[in-house]
Amino acid sequence: MAADEQGALTEAVFYILLALHEPRHGYAIMQGVQELTNDRVALGPGTLYGALNTLVEKGWIKALQDDKNSRRKEYIITDQGESIFQTELKRLEELLTHGKLV
Amino acid sequence: MKKRVFKFYSNYEKEEAWLNEMAASGWHCVDYLFGRYTFEKGEPGEYIYRIQLLEYYTNHAESVTYLGFLEDTGVEVIASHIRWVYLRKKAIEGPFELFSDRESRIAHYRRIITMLLPLAIVNFLFGSGLLGNPKPVNLFNLGVALLLAVPIISYYKRVQALEKESQIRE
């Protein structure tokens, strides 16, 4: 894993990866994350669109259909994305453990 | 019932705030073209309006895909104008913000600054007589330069404030 891939994920990216453990299109990601966090994390569609494109480029998620112009494109997490997600979970666990020691 | 209003804004955030004030009083913008806004009477506060500068012209494939994505999330495109799009969403569906993190907000401000700054500079150079065939000071171009400088400075300040916050918070 490259050094630049070891930093903390943004909250948006963390929740997008989490939501994409099952196939979802953009709106379903927004709704899923909002529901899960009791409205605390509301992904803006502009932000989400940019993040999805970046994550596809990095190979952390992939689009399910090949048709580029098809509406309601569904995405799913890739093996690489899953490994990034698990690494982040470990990092968060460490933070939480240390935080609770105080 | 419909009404038309002619108005000019150089700062899109003020324009957006005005559209939302109109919507709060029951006048919902349904079209925009070169300073002409068309409003339709409806339920007060039914819609939330947002304005965005796209990366490409509105008929570019990338923009079409993006606008389709927005529509799938319940956003309606009421007008598009060069690279600007006028968007709205029913307020009943919850808050409507295009950008939910600092990075994408900064990127949007920067995109607008990148578009406006060269225009402001060219107008200033012509207006001040520094550029062009020996020409007197041209108040029209100077005026345009000033008109553009005001929002540019406002966006620039926003970017600075957001970047400062980014140093301590995600």
# chains A, B, ... in the order shown; residues from 1 in each chain; ligands from 1

$ interface_residues --of "chain A" --to "chain B" --cutoff "6 Å" --atoms "only C-alpha atoms" --output "PyMOL selection string"
chain A and resi 27+43-47

$ select_by_dssp --residues "stretch 47-168 of chain B" --states "strand (DSSP E)" --output "list in words"
Tyr47, Ile48, Tyr49, Arg50, Ile51, Gln52, Leu53, Val75, Glu76, Val77, Ile78, Ala79, Ser80, His81, Trp84, Val85, Tyr86, Leu87, Arg88, Lys89 and Lys90 of chain B

$ select_by_dssp --residues "chain A" --states "alpha helix (DSSP H)" --output "PyMOL selection string"
chain A and resi 11-19+26-36+45-58+79-101

$ atom_distance --atom1 "atom CA of B:Arg50" --atom2 "atom CA of B:Tyr37"
14.4 Å

$ residues_around --residues "B:Asn11" --least-positions-apart "4" --cutoff "10 Å" --atoms "only C-alpha atoms" --output "list in words"
Glu15, Glu16, Leu147, Leu148, Val150, Pro151, Ile152, Ser154 and Tyr155 of chain B

$ closest_residue --among "B:Ser80, B:Leu131, B:Leu19, B:Leu87" --to "B:Tyr32" --atoms "only C-alpha atoms"
B:Ser80

$ closest_residue --among "B:Ile48, B:Lys164, B:Asn141, B:Glu40" --to "B:Glu21" --atoms "only C-alpha atoms"
B:Ile48

$ residues_around --residues "A:Gln34" --least-positions-apart "6" --cutoff "10 Å" --atoms "only C-alpha atoms" --output "PDB file with C-alpha atoms, in the first residue's frame"
ATOM      1  CA  TYR A  15     -19.551   6.053   4.672  1.00  0.00           C
ATOM      2  CA  ALA A  28     -29.509   5.043  -2.263  1.00  0.00           C
ATOM      3  CA  ARG A  40     -25.962  13.676  10.902  1.00  0.00           C
ATOM      4  CA  VAL A  41     -24.135  12.853   7.658  1.00  0.00           C
ATOM      5  CA  ALA A  42     -26.049  14.204   4.669  1.00  0.00           C
ATOM      6  CA  LEU A  43     -23.919  13.738   1.564  1.00  0.00           C
TER       7      LEU A  43
END

$ closest_residue --among "B:Val159, B:Phe34, B:Ile92, B:Leu116" --to "B:Lys7" --atoms "only C-alpha atoms"
B:Phe34

$ residues_around --residues "stretch 42-46 of chain B" --least-positions-apart "6" --cutoff "10 Å" --atoms "only C-alpha atoms" --output "ChimeraX atom specification"
/B:1-2,20-28,88-93

$ write_last_selection --atoms "N, CA and C atoms" --output "mmCIF file, in the first residue's frame"
data_model
loop_
_atom_site.group_PDB
_atom_site.id
_atom_site.type_symbol
_atom_site.label_atom_id
_atom_site.label_comp_id
_atom_site.auth_asym_id
_atom_site.auth_seq_id
_atom_site.Cartn_x
_atom_site.Cartn_y
_atom_site.Cartn_z
ATOM 1 N N MET B 1 -50.284 31.525 -11.671
ATOM 2 C CA MET B 1 -49.878 32.917 -11.859
ATOM 3 C C MET B 1 -48.356 32.996 -12.057
ATOM 4 N N LYS B 2 -47.946 33.801 -13.026
ATOM 5 C CA LYS B 2 -46.530 33.936 -13.320
ATOM 6 C C LYS B 2 -46.092 35.385 -13.226
ATOM 7 N N ASN B 20 -34.139 31.879 -2.892
ATOM 8 C CA ASN B 20 -34.723 31.178 -1.741
ATOM 9 C C ASN B 20 -35.678 32.063 -0.948
ATOM 10 N N GLU B 21 -35.377 33.378 -0.915
ATOM 11 C CA GLU B 21 -36.316 34.316 -0.273
ATOM 12 C C GLU B 21 -37.625 34.366 -1.058
ATOM 13 N N MET B 22 -37.493 34.426 -2.390
ATOM 14 C CA MET B 22 -38.685 34.436 -3.248
ATOM 15 C C MET B 22 -39.490 33.160 -3.022
ATOM 16 N N ALA B 23 -38.792 32.021 -2.970
ATOM 17 C CA ALA B 23 -39.460 30.727 -2.778
ATOM 18 C C ALA B 23 -40.174 30.689 -1.430
ATOM 19 N N ALA B 24 -39.539 31.299 -0.413
ATOM 20 C CA ALA B 24 -40.146 31.318 0.916
ATOM 21 C C ALA B 24 -41.451 32.097 0.907
ATOM 22 N N SER B 25 -41.539 33.088 -0.002
ATOM 23 C CA SER B 25 -42.771 33.866 -0.070
ATOM 24 C C SER B 25 -43.730 33.305 -1.121
ATOM 25 N N GLY B 26 -43.408 32.122 -1.665
ATOM 26 C CA GLY B 26 -44.339 31.452 -2.574
ATOM 27 C C GLY B 26 -44.069 31.678 -4.056
ATOM 28 N N TRP B 27 -42.990 32.395 -4.377
ATOM 29 C CA TRP B 27 -42.649 32.601 -5.796
ATOM 30 C C TRP B 27 -41.482 31.699 -6.158
ATOM 31 N N HIS B 28 -41.759 30.703 -7.003
ATOM 32 C CA HIS B 28 -40.738 29.717 -7.350
ATOM 33 C C HIS B 28 -40.202 29.965 -8.749
ATOM 34 N N ARG B 88 -33.249 23.067 -8.147
ATOM 35 C CA ARG B 88 -34.118 23.160 -6.998
ATOM 36 C C ARG B 88 -34.540 21.760 -6.565
ATOM 37 N N LYS B 89 -34.928 21.666 -5.308
ATOM 38 C CA LYS B 89 -35.379 20.391 -4.776
ATOM 39 C C LYS B 89 -36.514 20.680 -3.807
ATOM 40 N N LYS B 90 -37.467 19.772 -3.724
ATOM 41 C CA LYS B 90 -38.581 19.970 -2.807
ATOM 42 C C LYS B 90 -38.071 19.973 -1.375
ATOM 43 N N ALA B 91 -38.475 20.986 -0.626
ATOM 44 C CA ALA B 91 -37.998 21.133 0.753
ATOM 45 C C ALA B 91 -38.459 19.972 1.627
ATOM 46 N N ILE B 92 -39.566 19.350 1.247
ATOM 47 C CA ILE B 92 -40.113 18.254 2.045
ATOM 48 C C ILE B 92 -39.153 17.057 2.078
ATOM 49 N N GLU B 93 -38.271 16.989 1.059
ATOM 50 C CA GLU B 93 -37.311 15.883 0.997
ATOM 51 C C GLU B 93 -36.076 16.131 1.863
#

$ atom_distance --atom1 "atom CA of B:Ala120" --atom2 "atom CA of B:Phe140"
12.2 Å

$ atom_distance --atom1 "atom CA of B:Gly132" --atom2 "atom CA of B:Ala149"
21.0 Å

$ residues_around --residues "A:Glu82" --least-positions-apart "4" --cutoff "8 Å" --atoms "only C-alpha atoms" --output "tab-separated table (two decimals) with C-alpha atoms, in the first residue's frame"
chain	number	residue	atom	x	y	z
A	17	LEU	CA	-17.40	2.48	1.23
A	60	TRP	CA	-11.87	1.11	-4.51
A	77	ILE	CA	-16.99	-2.00	-3.19
A	78	THR	CA	-13.97	-3.85	-4.68
A	86	GLN	CA	-10.63	-2.74	7.04

$ residues_around --residues "A:Gly59" --least-positions-apart "4" --cutoff "12 Å" --atoms "only C-alpha atoms" --output "list in words"
Leu17, Leu52, Asn53, Thr54, Leu55, Ala63, Tyr75, Ile76, Ile77, Thr78, Asp79, Gln80, Gly81, Glu82, Ser83 and Ile84 of chain A

$ decode --residues "stretch 4-40 of chain A" --atoms "N, CA and C atoms" --output "PDB file, in the first residue's frame"
ATOM      1  N   ASP A   4       0.698   7.269   0.635  1.00  0.00           N
ATOM      2  CA  ASP A   4      -0.400   8.234   0.615  1.00  0.00           C
ATOM      3  C   ASP A   4      -1.758   7.558   0.788  1.00  0.00           C
ATOM      4  N   GLU A   5      -1.751   6.228   0.880  1.00  0.00           N
ATOM      5  CA  GLU A   5      -3.032   5.553   1.082  1.00  0.00           C
ATOM      6  C   GLU A   5      -3.176   5.086   2.524  1.00  0.00           C
ATOM      7  N   GLN A   6      -2.336   5.604   3.396  1.00  0.00           N
ATOM      8  CA  GLN A   6      -2.411   5.178   4.778  1.00  0.00           C
ATOM      9  C   GLN A   6      -3.070   6.212   5.685  1.00  0.00           C
ATOM     10  N   GLY A   7      -3.340   7.384   5.132  1.00  0.00           N
ATOM     11  CA  GLY A   7      -3.969   8.426   5.940  1.00  0.00           C
ATOM     12  C   GLY A   7      -5.418   8.098   6.255  1.00  0.00           C
ATOM     13  N   ALA A   8      -6.005   8.910   7.130  1.00  0.00           N
ATOM     14  CA  ALA A   8      -7.414   8.719   7.491  1.00  0.00           C
ATOM     15  C   ALA A   8      -8.304   8.973   6.279  1.00  0.00           C
ATOM     16  N   LEU A   9      -9.379   8.233   6.180  1.00  0.00           N
ATOM     17  CA  LEU A   9     -10.352   8.487   5.125  1.00  0.00           C
ATOM     18  C   LEU A   9     -11.233   9.660   5.544  1.00  0.00           C
ATOM     19  N   THR A  10     -11.768  10.374   4.571  1.00  0.00           N
ATOM     20  CA  THR A  10     -12.739  11.403   4.937  1.00  0.00           C
ATOM     21  C   THR A  10     -14.016  10.686   5.377  1.00  0.00           C
ATOM     22  N   GLU A  11     -14.832  11.413   6.115  1.00  0.00           N
ATOM     23  CA  GLU A  11     -16.068  10.811   6.595  1.00  0.00           C
ATOM     24  C   GLU A  11     -16.951  10.380   5.419  1.00  0.00           C
ATOM     25  N   ALA A  12     -16.969  11.220   4.369  1.00  0.00           N
ATOM     26  CA  ALA A  12     -17.785  10.892   3.192  1.00  0.00           C
ATOM     27  C   ALA A  12     -17.310   9.576   2.578  1.00  0.00           C
ATOM     28  N   VAL A  13     -15.994   9.450   2.373  1.00  0.00           N
ATOM     29  CA  VAL A  13     -15.452   8.237   1.754  1.00  0.00           C
ATOM     30  C   VAL A  13     -15.710   7.018   2.645  1.00  0.00           C
ATOM     31  N   PHE A  14     -15.528   7.175   3.943  1.00  0.00           N
ATOM     32  CA  PHE A  14     -15.770   6.060   4.864  1.00  0.00           C
ATOM     33  C   PHE A  14     -17.212   5.554   4.721  1.00  0.00           C
ATOM     34  N   TYR A  15     -18.152   6.477   4.741  1.00  0.00           N
ATOM     35  CA  TYR A  15     -19.551   6.053   4.672  1.00  0.00           C
ATOM     36  C   TYR A  15     -19.961   5.564   3.278  1.00  0.00           C
ATOM     37  N   ILE A  16     -19.311   6.084   2.239  1.00  0.00           N
ATOM     38  CA  ILE A  16     -19.605   5.578   0.887  1.00  0.00           C
ATOM     39  C   ILE A  16     -19.146   4.122   0.791  1.00  0.00           C
ATOM     40  N   LEU A  17     -17.911   3.857   1.264  1.00  0.00           N
ATOM     41  CA  LEU A  17     -17.397   2.476   1.229  1.00  0.00           C
ATOM     42  C   LEU A  17     -18.285   1.555   2.063  1.00  0.00           C
ATOM     43  N   LEU A  18     -18.704   2.055   3.210  1.00  0.00           N
ATOM     44  CA  LEU A  18     -19.563   1.253   4.085  1.00  0.00           C
ATOM     45  C   LEU A  18     -20.891   0.931   3.390  1.00  0.00           C
ATOM     46  N   ALA A  19     -21.473   1.963   2.775  1.00  0.00           N
ATOM     47  CA  ALA A  19     -22.776   1.780   2.120  1.00  0.00           C
ATOM     48  C   ALA A  19     -22.675   0.831   0.927  1.00  0.00           C
ATOM     49  N   LEU A  20     -21.475   0.807   0.292  1.00  0.00           N
ATOM     50  CA  LEU A  20     -21.338   0.006  -0.932  1.00  0.00           C
ATOM     51  C   LEU A  20     -20.936  -1.442  -0.660  1.00  0.00           C
ATOM     52  N   HIS A  21     -21.164  -1.910   0.566  1.00  0.00           N
ATOM     53  CA  HIS A  21     -21.017  -3.335   0.817  1.00  0.00           C
ATOM     54  C   HIS A  21     -22.179  -4.096   0.189  1.00  0.00           C
ATOM     55  N   GLU A  22     -23.181  -3.344  -0.264  1.00  0.00           N
ATOM     56  CA  GLU A  22     -24.201  -3.921  -1.135  1.00  0.00           C
ATOM     57  C   GLU A  22     -24.382  -2.955  -2.303  1.00  0.00           C
ATOM     58  N   PRO A  23     -24.833  -3.464  -3.474  1.00  0.00           N
ATOM     59  CA  PRO A  23     -24.942  -2.580  -4.640  1.00  0.00           C
ATOM     60  C   PRO A  23     -25.931  -1.443  -4.382  1.00  0.00           C
ATOM     61  N   ARG A  24     -25.493  -0.230  -4.676  1.00  0.00           N
ATOM     62  CA  ARG A  24     -26.369   0.927  -4.477  1.00  0.00           C
ATOM     63  C   ARG A  24     -26.082   1.979  -5.533  1.00  0.00           C
ATOM     64  N   HIS A  25     -27.102   2.707  -5.936  1.00  0.00           N
ATOM     65  CA  HIS A  25     -26.879   3.867  -6.791  1.00  0.00           C
ATOM     66  C   HIS A  25     -26.751   5.104  -5.906  1.00  0.00           C
ATOM     67  N   GLY A  26     -26.412   6.232  -6.535  1.00  0.00           N
ATOM     68  CA  GLY A  26     -26.103   7.446  -5.784  1.00  0.00           C
ATOM     69  C   GLY A  26     -27.128   7.827  -4.722  1.00  0.00           C
ATOM     70  N   TYR A  27     -28.391   7.869  -5.135  1.00  0.00           N
ATOM     71  CA  TYR A  27     -29.416   8.325  -4.202  1.00  0.00           C
ATOM     72  C   TYR A  27     -29.561   7.362  -3.025  1.00  0.00           C
ATOM     73  N   ALA A  28     -29.405   6.049  -3.327  1.00  0.00           N
ATOM     74  CA  ALA A  28     -29.509   5.043  -2.263  1.00  0.00           C
ATOM     75  C   ALA A  28     -28.351   5.176  -1.272  1.00  0.00           C
ATOM     76  N   ILE A  29     -27.185   5.603  -1.762  1.00  0.00           N
ATOM     77  CA  ILE A  29     -26.049   5.845  -0.857  1.00  0.00           C
ATOM     78  C   ILE A  29     -26.396   7.000   0.084  1.00  0.00           C
ATOM     79  N   MET A  30     -26.888   8.105  -0.523  1.00  0.00           N
ATOM     80  CA  MET A  30     -27.247   9.279   0.274  1.00  0.00           C
ATOM     81  C   MET A  30     -28.268   8.928   1.357  1.00  0.00           C
ATOM     82  N   GLN A  31     -29.312   8.215   0.932  1.00  0.00           N
ATOM     83  CA  GLN A  31     -30.380   7.857   1.878  1.00  0.00           C
ATOM     84  C   GLN A  31     -29.880   6.907   2.957  1.00  0.00           C
ATOM     85  N   GLY A  32     -29.103   5.894   2.520  1.00  0.00           N
ATOM     86  CA  GLY A  32     -28.596   4.888   3.457  1.00  0.00           C
ATOM     87  C   GLY A  32     -27.734   5.520   4.537  1.00  0.00           C
ATOM     88  N   VAL A  33     -26.831   6.411   4.108  1.00  0.00           N
ATOM     89  CA  VAL A  33     -25.903   7.037   5.056  1.00  0.00           C
ATOM     90  C   VAL A  33     -26.656   7.967   6.009  1.00  0.00           C
ATOM     91  N   GLN A  34     -27.618   8.686   5.460  1.00  0.00           N
ATOM     92  CA  GLN A  34     -28.391   9.617   6.281  1.00  0.00           C
ATOM     93  C   GLN A  34     -29.194   8.866   7.351  1.00  0.00           C
ATOM     94  N   GLU A  35     -29.762   7.754   6.939  1.00  0.00           N
ATOM     95  CA  GLU A  35     -30.558   6.940   7.854  1.00  0.00           C
ATOM     96  C   GLU A  35     -29.679   6.355   8.960  1.00  0.00           C
ATOM     97  N   LEU A  36     -28.548   5.793   8.533  1.00  0.00           N
ATOM     98  CA  LEU A  36     -27.629   5.148   9.462  1.00  0.00           C
ATOM     99  C   LEU A  36     -27.111   6.124  10.516  1.00  0.00           C
ATOM    100  N   THR A  37     -26.878   7.375  10.107  1.00  0.00           N
ATOM    101  CA  THR A  37     -26.280   8.344  11.022  1.00  0.00           C
ATOM    102  C   THR A  37     -27.335   9.271  11.634  1.00  0.00           C
ATOM    103  N   ASN A  38     -28.592   8.900  11.532  1.00  0.00           N
ATOM    104  CA  ASN A  38     -29.688   9.735  12.046  1.00  0.00           C
ATOM    105  C   ASN A  38     -29.590  11.172  11.553  1.00  0.00           C
ATOM    106  N   ASP A  39     -29.418  11.334  10.250  1.00  0.00           N
ATOM    107  CA  ASP A  39     -29.371  12.641   9.588  1.00  0.00           C
ATOM    108  C   ASP A  39     -28.096  13.441   9.846  1.00  0.00           C
ATOM    109  N   ARG A  40     -27.169  12.900  10.627  1.00  0.00           N
ATOM    110  CA  ARG A  40     -25.962  13.676  10.902  1.00  0.00           C
ATOM    111  C   ARG A  40     -25.116  13.843   9.637  1.00  0.00           C
TER     112      ARG A  40
END
